[in-house]
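Text of the file target.cif, holding mmCIF, C-alpha atoms:
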```cif
data_input
#
loop_
_atom_site.group_PDB
_atom_site.id
_atom_site.type_symbol
_atom_site.label_atom_id
_atom_site.label_comp_id
_atom_site.auth_asym_id
_atom_site.auth_seq_id
_atom_site.Cartn_x
_atom_site.Cartn_y
_atom_site.Cartn_z
ATOM 1 C CA MET W 9 6.248 28.696 -25.366
ATOM 2 C CA THR W 10 5.783 25.422 -23.481
ATOM 3 C CA GLN W 11 8.515 22.875 -22.962
ATOM 4 C CA GLU W 12 8.140 19.809 -25.120
ATOM 5 C CA GLY W 13 8.251 16.768 -22.900
ATOM 6 C CA SER W 14 7.102 13.291 -22.347
ATOM 7 C CA ASP W 15 3.799 12.170 -20.892
ATOM 8 C CA LEU W 16 5.719 11.643 -17.648
ATOM 9 C CA ASP W 17 6.748 15.300 -17.612
ATOM 10 C CA GLY W 18 3.105 16.349 -17.871
ATOM 11 C CA LEU W 19 2.113 13.830 -15.206
ATOM 12 C CA VAL W 20 4.731 15.220 -12.799
ATOM 13 C CA ARG W 21 3.432 18.749 -13.373
ATOM 14 C CA LYS W 22 -0.157 17.631 -12.724
ATOM 15 C CA ARG W 23 0.916 15.840 -9.542
ATOM 16 C CA VAL W 24 2.696 18.940 -8.235
ATOM 17 C CA ARG W 25 -0.383 21.063 -8.932
ATOM 18 C CA ALA W 26 -2.754 18.475 -7.394
ATOM 19 C CA LEU W 27 -0.638 18.053 -4.245
ATOM 20 C CA ARG W 28 -0.406 21.825 -3.838
ATOM 21 C CA ALA W 29 -4.188 22.098 -4.143
ATOM 22 C CA ALA W 30 -4.692 19.184 -1.718
ATOM 23 C CA HIS W 31 -2.681 21.121 0.878
ATOM 24 C CA GLY W 32 -4.869 24.141 0.182
ATOM 25 C CA TRP W 33 -1.822 26.195 -0.797
ATOM 26 C CA SER W 34 -1.670 28.963 -3.341
ATOM 27 C CA LEU W 35 1.257 29.275 -5.730
ATOM 28 C CA ASP W 36 2.671 31.890 -3.334
ATOM 29 C CA ASP W 37 2.362 29.506 -0.350
ATOM 30 C CA LEU W 38 4.228 26.667 -2.048
ATOM 31 C CA ALA W 39 6.761 28.979 -3.671
ATOM 32 C CA SER W 40 7.732 30.526 -0.336
ATOM 33 C CA ARG W 41 8.119 27.083 1.263
ATOM 34 C CA CYS W 42 10.343 25.967 -1.660
ATOM 35 C CA HIS W 43 12.314 29.244 -1.819
ATOM 36 C CA LEU W 44 11.177 29.806 -5.412
ATOM 37 C CA SER W 45 9.268 32.665 -6.943
ATOM 38 C CA ALA W 46 5.558 32.149 -7.547
ATOM 39 C CA SER W 47 6.086 32.892 -11.243
ATOM 40 C CA THR W 48 8.780 30.198 -11.487
ATOM 41 C CA LEU W 49 6.475 27.686 -9.809
ATOM 42 C CA SER W 50 3.607 28.714 -12.075
ATOM 43 C CA ARG W 51 5.751 28.213 -15.167
ATOM 44 C CA ILE W 52 6.859 24.796 -13.837
ATOM 45 C CA GLU W 53 3.238 23.707 -13.275
ATOM 46 C CA THR W 54 2.071 24.955 -16.690
ATOM 47 C CA GLY W 55 4.984 23.551 -18.672
ATOM 48 C CA HIS W 56 6.498 26.912 -19.554
ATOM 49 C CA ARG W 57 9.690 26.105 -17.693
ATOM 50 C CA ARG W 58 11.821 23.000 -17.537
ATOM 51 C CA ILE W 59 11.803 21.329 -14.119
ATOM 52 C CA ALA W 60 15.300 21.161 -12.646
ATOM 53 C CA LEU W 61 16.024 18.079 -10.564
ATOM 54 C CA ASP W 62 17.128 20.128 -7.542
ATOM 55 C CA GLN W 63 13.866 22.116 -7.714
ATOM 56 C CA LEU W 64 11.760 18.981 -8.066
ATOM 57 C CA THR W 65 13.479 17.386 -5.063
ATOM 58 C CA VAL W 66 12.661 20.413 -2.875
ATOM 59 C CA ILE W 67 9.086 20.614 -4.197
ATOM 60 C CA ALA W 68 8.514 16.908 -3.478
ATOM 61 C CA ARG W 69 9.851 17.209 0.085
ATOM 62 C CA VAL W 70 7.739 20.303 0.847
ATOM 63 C CA LEU W 71 4.622 18.590 -0.547
ATOM 64 C CA GLY W 72 5.219 15.569 1.709
ATOM 65 C CA SER W 73 6.020 13.345 -1.225
ATOM 66 C CA SER W 74 9.165 11.777 -2.586
ATOM 67 C CA LEU W 75 10.907 12.221 -5.885
ATOM 68 C CA ASP W 76 10.089 8.578 -6.674
ATOM 69 C CA GLN W 77 6.379 9.175 -6.092
ATOM 70 C CA LEU W 78 6.315 12.277 -8.272
ATOM 71 C CA VAL W 79 8.047 10.616 -11.230
ATOM 72 C CA GLU W 80 6.480 7.171 -10.896
ATOM 73 C CA ALA W 81 4.868 6.104 -14.170
ATOM 74 C CA ALA W 82 1.081 5.981 -14.247
ATOM 75 C CA GLU W 83 -0.280 2.511 -13.643
ATOM 76 C CA ASP W 84 -2.431 0.939 -16.306
ATOM 77 C CA ASP W 85 -3.832 -1.649 -13.908
ATOM 78 C CA VAL W 86 -6.175 0.492 -11.823
ATOM 79 C CA VAL W 87 -8.740 -2.278 -11.525
ATOM 80 C CA THR W 88 -7.464 -5.453 -9.924
ATOM 81 C CA ASN W 89 -8.952 -8.898 -10.088
ATOM 82 C CA PRO W 90 -8.844 -11.318 -7.200
ATOM 83 C CA THR W 91 -6.583 -14.330 -7.144
ATOM 84 C CA HIS W 92 -8.436 -17.474 -6.048
ATOM 85 C CA HIS W 93 -6.774 -20.261 -4.077
ATOM 86 C CA PRO W 94 -9.546 -22.856 -3.602
ATOM 87 C CA ALA W 95 -7.272 -25.421 -1.954
ATOM 88 C CA HIS W 96 -6.502 -22.914 0.798
ATOM 89 C CA GLY W 97 -10.027 -21.493 0.923
ATOM 90 C CA LEU W 98 -8.976 -17.955 0.164
ATOM 91 C CA THR W 99 -9.346 -15.215 -2.363
ATOM 92 C CA GLN W 100 -7.018 -12.227 -2.245
ATOM 93 C CA TRP W 101 -6.937 -8.760 -3.728
ATOM 94 C CA ALA W 102 -3.426 -7.324 -3.608
ATOM 95 C CA VAL W 103 -3.063 -3.604 -2.993
ATOM 96 C CA ARG W 104 0.155 -1.695 -3.531
ATOM 97 C CA GLY W 105 1.691 -0.379 -0.353
ATOM 98 C CA GLU W 106 4.916 1.206 0.741
ATOM 99 C CA PRO W 107 8.081 -0.473 -0.525
ATOM 100 C CA GLY W 108 8.704 -3.587 1.526
ATOM 101 C CA PHE W 109 5.060 -3.907 2.582
ATOM 102 C CA THR W 110 2.020 -5.453 0.958
ATOM 103 C CA VAL W 111 -1.566 -4.686 1.831
ATOM 104 C CA ALA W 112 -3.979 -7.430 0.850
ATOM 105 C CA ARG W 113 -7.696 -7.984 1.191
ATOM 106 C CA ILE W 114 -8.169 -11.704 1.748
ATOM 107 C CA ARG W 115 -11.333 -13.801 1.838
ATOM 108 C CA LEU W 116 -11.016 -16.936 3.962
ATOM 109 C CA THR W 117 -13.508 -19.774 3.525
ATOM 110 C CA VAL W 118 -12.022 -22.718 5.420
ATOM 111 C CA PRO W 119 -11.115 -23.244 9.081
ATOM 112 C CA PRO W 120 -7.479 -22.931 10.104
ATOM 113 C CA PRO W 121 -5.348 -26.006 9.460
ATOM 114 C CA GLU W 122 -5.001 -28.485 12.299
ATOM 115 C CA GLY W 123 -1.761 -29.776 13.777
ATOM 116 C CA PRO W 124 1.511 -28.085 14.645
ATOM 117 C CA SER W 125 3.049 -28.864 11.242
ATOM 118 C CA ALA W 126 0.469 -26.572 9.567
ATOM 119 C CA LEU W 127 1.701 -23.530 11.489
ATOM 120 C CA LYS W 128 4.308 -21.370 9.760
ATOM 121 C CA ALA W 129 6.954 -19.118 11.301
ATOM 122 C CA HIS W 130 9.238 -16.572 9.629
ATOM 123 C CA PRO W 131 10.916 -13.259 10.455
ATOM 124 C CA GLY W 132 8.731 -10.156 10.549
ATOM 125 C CA ARG W 133 5.426 -8.832 11.842
ATOM 126 C CA GLU W 134 1.863 -9.007 10.578
ATOM 127 C CA TRP W 135 -1.246 -6.988 11.203
ATOM 128 C CA PHE W 136 -4.786 -7.682 10.039
ATOM 129 C CA THR W 137 -8.291 -6.457 10.726
ATOM 130 C CA VAL W 138 -11.435 -8.494 10.195
ATOM 131 C CA LEU W 139 -13.765 -6.799 7.707
ATOM 132 C CA SER W 140 -16.519 -9.410 7.987
ATOM 133 C CA GLY W 141 -17.081 -12.752 9.678
ATOM 134 C CA THR W 142 -14.915 -14.340 12.350
ATOM 135 C CA VAL W 143 -11.306 -15.453 12.030
ATOM 136 C CA VAL W 144 -9.428 -17.944 14.174
ATOM 137 C CA LEU W 145 -5.779 -17.069 14.640
ATOM 138 C CA LEU W 146 -3.616 -19.962 15.746
ATOM 139 C CA LEU W 147 -0.597 -18.381 17.404
ATOM 140 C CA GLY W 148 1.794 -20.841 18.996
ATOM 141 C CA GLU W 149 -0.281 -22.763 21.556
ATOM 142 C CA ARG W 150 -3.051 -20.134 21.566
ATOM 143 C CA ARG W 151 -6.313 -20.169 19.624
ATOM 144 C CA LEU W 152 -7.707 -16.630 19.312
ATOM 145 C CA ARG W 153 -11.078 -15.533 17.896
ATOM 146 C CA VAL W 154 -10.844 -12.241 16.046
ATOM 147 C CA GLU W 155 -14.298 -10.799 15.352
ATOM 148 C CA GLU W 156 -15.464 -8.282 12.756
ATOM 149 C CA GLY W 157 -13.991 -4.872 13.536
ATOM 150 C CA GLN W 158 -11.169 -6.256 15.663
ATOM 151 C CA ALA W 159 -7.510 -6.365 14.659
ATOM 152 C CA ALA W 160 -4.513 -8.517 15.544
ATOM 153 C CA GLU W 161 -0.796 -7.772 15.375
ATOM 154 C CA PHE W 162 1.907 -10.296 16.141
ATOM 155 C CA THR W 163 5.467 -11.306 15.503
ATOM 156 C CA THR W 164 5.623 -13.915 12.785
ATOM 157 C CA MET W 165 8.421 -15.733 14.587
ATOM 158 C CA LEU W 166 5.589 -17.414 16.495
ATOM 159 C CA PRO W 167 4.170 -20.327 14.489
ATOM 160 C CA HIS W 168 0.803 -19.148 13.164
ATOM 161 C CA ALA W 169 -2.118 -19.828 10.808
ATOM 162 C CA LEU W 170 -5.474 -18.210 10.006
ATOM 163 C CA GLY W 171 -8.859 -19.577 9.056
ATOM 164 C CA ALA W 172 -12.547 -18.704 8.962
ATOM 165 C CA VAL W 173 -15.009 -19.991 11.505
ATOM 166 C CA GLY W 174 -18.785 -20.133 11.048
ATOM 167 C CA GLY W 175 -18.663 -19.142 7.394
ATOM 168 C CA PRO W 176 -16.516 -16.966 5.124
ATOM 169 C CA ALA W 177 -14.492 -14.108 6.585
ATOM 170 C CA GLU W 178 -12.656 -11.190 4.985
ATOM 171 C CA ILE W 179 -9.541 -9.556 6.364
ATOM 172 C CA LEU W 180 -7.369 -6.637 5.383
ATOM 173 C CA GLY W 181 -3.771 -7.517 6.163
ATOM 174 C CA ILE W 182 -0.453 -5.704 6.091
ATOM 175 C CA PHE W 183 2.526 -7.952 5.491
ATOM 176 C CA ASP W 184 6.181 -7.017 5.574
ATOM 177 C CA ARG W 185 8.494 -8.415 2.901
ATOM 178 C CA ASP W 186 8.971 -11.750 4.707
ATOM 179 C CA GLY W 187 5.260 -12.116 5.472
ATOM 180 C CA ARG W 188 4.324 -11.390 1.890
ATOM 181 C CA ARG W 189 6.740 -13.992 0.629
ATOM 182 C CA SER W 190 5.475 -16.586 3.073
ATOM 183 C CA HIS W 191 1.730 -15.994 2.966
ATOM 184 C CA LEU W 192 0.959 -14.605 -0.445
ATOM 185 C CA ARG W 193 3.478 -16.242 -2.775
ATOM 186 C CA GLU W 194 3.391 -19.746 -1.342
ATOM 187 C CA ARG W 195 -0.210 -20.013 -2.485
ATOM 188 C CA ASP W 196 0.434 -18.999 -6.097
#
```

Give the structure from the file, written as structure tokens.
Amino acid sequence: MTQEGSDLDGLVRKRVRALRAAHGWSLDDLASRCHLSASTLSRIETGHRRIALDQLTVIARVLGSSLDQLVEAAEDDVVTNPTHHPAHGLTQWAVRGEPGFTVARIRLTVPPPEGPSALKAHPGREWFTVLSGTVVLLLGERRLRVEEGQAAEFTTMLPHALGAVGGPAEILGIFDRDGRRSHLRERD
């Protein structure tokens, strides 16, 4: 007899099984690491046994996951559409990252703004890599060219701005909470 449960219950069971398989572990391998019997783990994966919270916590840790990741609801928005900001010459595709961080693919089409008042500073750090084209990074008094395949990392306490040079450029950037608020939301 299988345990009646929600769609989330079934999703958690599938995630446990998929993570175990991704590690290349048998039921016996995972069971020994979790200090459970292989039959108990099998019944958990197949829905023939209720998953106890203390067991799920251990299973998540052993699989290199977190309880939050195992029980997180499935996302309906798998396909994302870009957000266009013509006035700033950019298009961005937001990607979910770790809590507190945002990963965004950004297309820049205009040169960096001119003048010291156009440079922004805020707490945090930023990192980006240039996927295509050439980016100019204004960083304090410095003007740096970042070419395709190169990356830049800097403290955002330095006044800074980005722009494309010689045509459109695409970057993949990682922003901490403060950087996300400053760079991604101010353009909405």

Given all atoms listed in the file as the counted atoms, nearest of W:Ala172, W:Val24, W:Ala159, W:Ala39 to W:Thr54: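 Smallest distance to W:Thr54 is found for W:Val24.
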
Selection result for the PyMOL selection byres ((chain W and resi 120) around 7) on this file, as a PyMOL selection string: chain W and resi 118-119+121-122+144+169-172

Expected selection from the PyMOL selection byres ((chain W and resi 113) around 10), given as a list in words: Pro90, Thr99, Gln100, Trp101, Ala102, Val103, Val111, Ala112, Ile114, Arg115, Leu116, Phe136, Thr137, Val138, Leu139, Glu178, Ile179, Leu180, Gly181 and Ile182 of chain W

Between atom CA of W:Glu161 and atom CA of W:Leu147, distance in Å (one decimal):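 So the answer is 10.8 Å.
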
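The space separating atom CA of W:Ala95 from atom CA of W:Gly157 comes to 26.6 Å.
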
Non-local contacts of W:Gly141 (9 Å; only C-alpha atoms; under 5 positions in same chain excluded) as a list in words: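 Non-adjacent residues within range: Val154, Glu155, Glu156, Ala172, Val173, Gly174, Gly175, Pro176, Ala177, Glu178 and Ile179 of chain W.
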
All residues 7 Å or closer to W:Glu134, only C-alpha atoms, same chain fewer than 2 positions away omitted, as a PyMOL selection string: chain W and resi 132+136+161-164+182-184+187

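Shell of W:Pro124 at 9 Å, with all atoms listed in the file counted and residues fewer than 5 places along the chain excluded, is W:Gly148, W:Glu149, W:Pro167.
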
Sphere at (8.2, 24.4, 1.4), radius 8 Å, counting all atoms listed in the file: residues as a ChimeraX atom specification: /W:37-43,66-67,69-71

Selection result for the PyMOL selection byres ((chain W and resi 21) around 9) on this file, as a list in words: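 When the PyMOL selection byres ((chain W and resi 21) around 9) is applied, the selected residues are Leu16, Asp17, Gly18, Leu19, Val20, Lys22, Arg23, Val24, Arg25, Ala26, Ile52, Glu53, Thr54, Gly55, Ile59 and Leu78 of chain W.
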
Point-to-point distance from atom CA of W:Asp15 to atom CA of W:Ala46, Å rounded to tenths: 24.1 Å

Residue nearest W:Gln63 - candidates W:Asp36, W:Ser45, W:Val143, W:Thr117, atoms counted: only C-alpha atoms: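 Looking only at the distances to W:Gln63, the closest residue turns out to be W:Ser45.
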
I want to know what sits within 6 Å of W:Thr65, based on only C-alpha atoms, with residues of the same chain fewer than 3 positions away left out; could you give that as a JSON list (two decimals) with C-alpha atoms, in the frame of the given file?
```json
[["chain", "number", "residue", "atom", "x", "y", "z"],
["W", 62, "ASP", "CA", 17.13, 20.13, -7.54],
["W", 68, "ALA", "CA", 8.51, 16.91, -3.48],
["W", 75, "LEU", "CA", 10.91, 12.22, -5.88]]
```
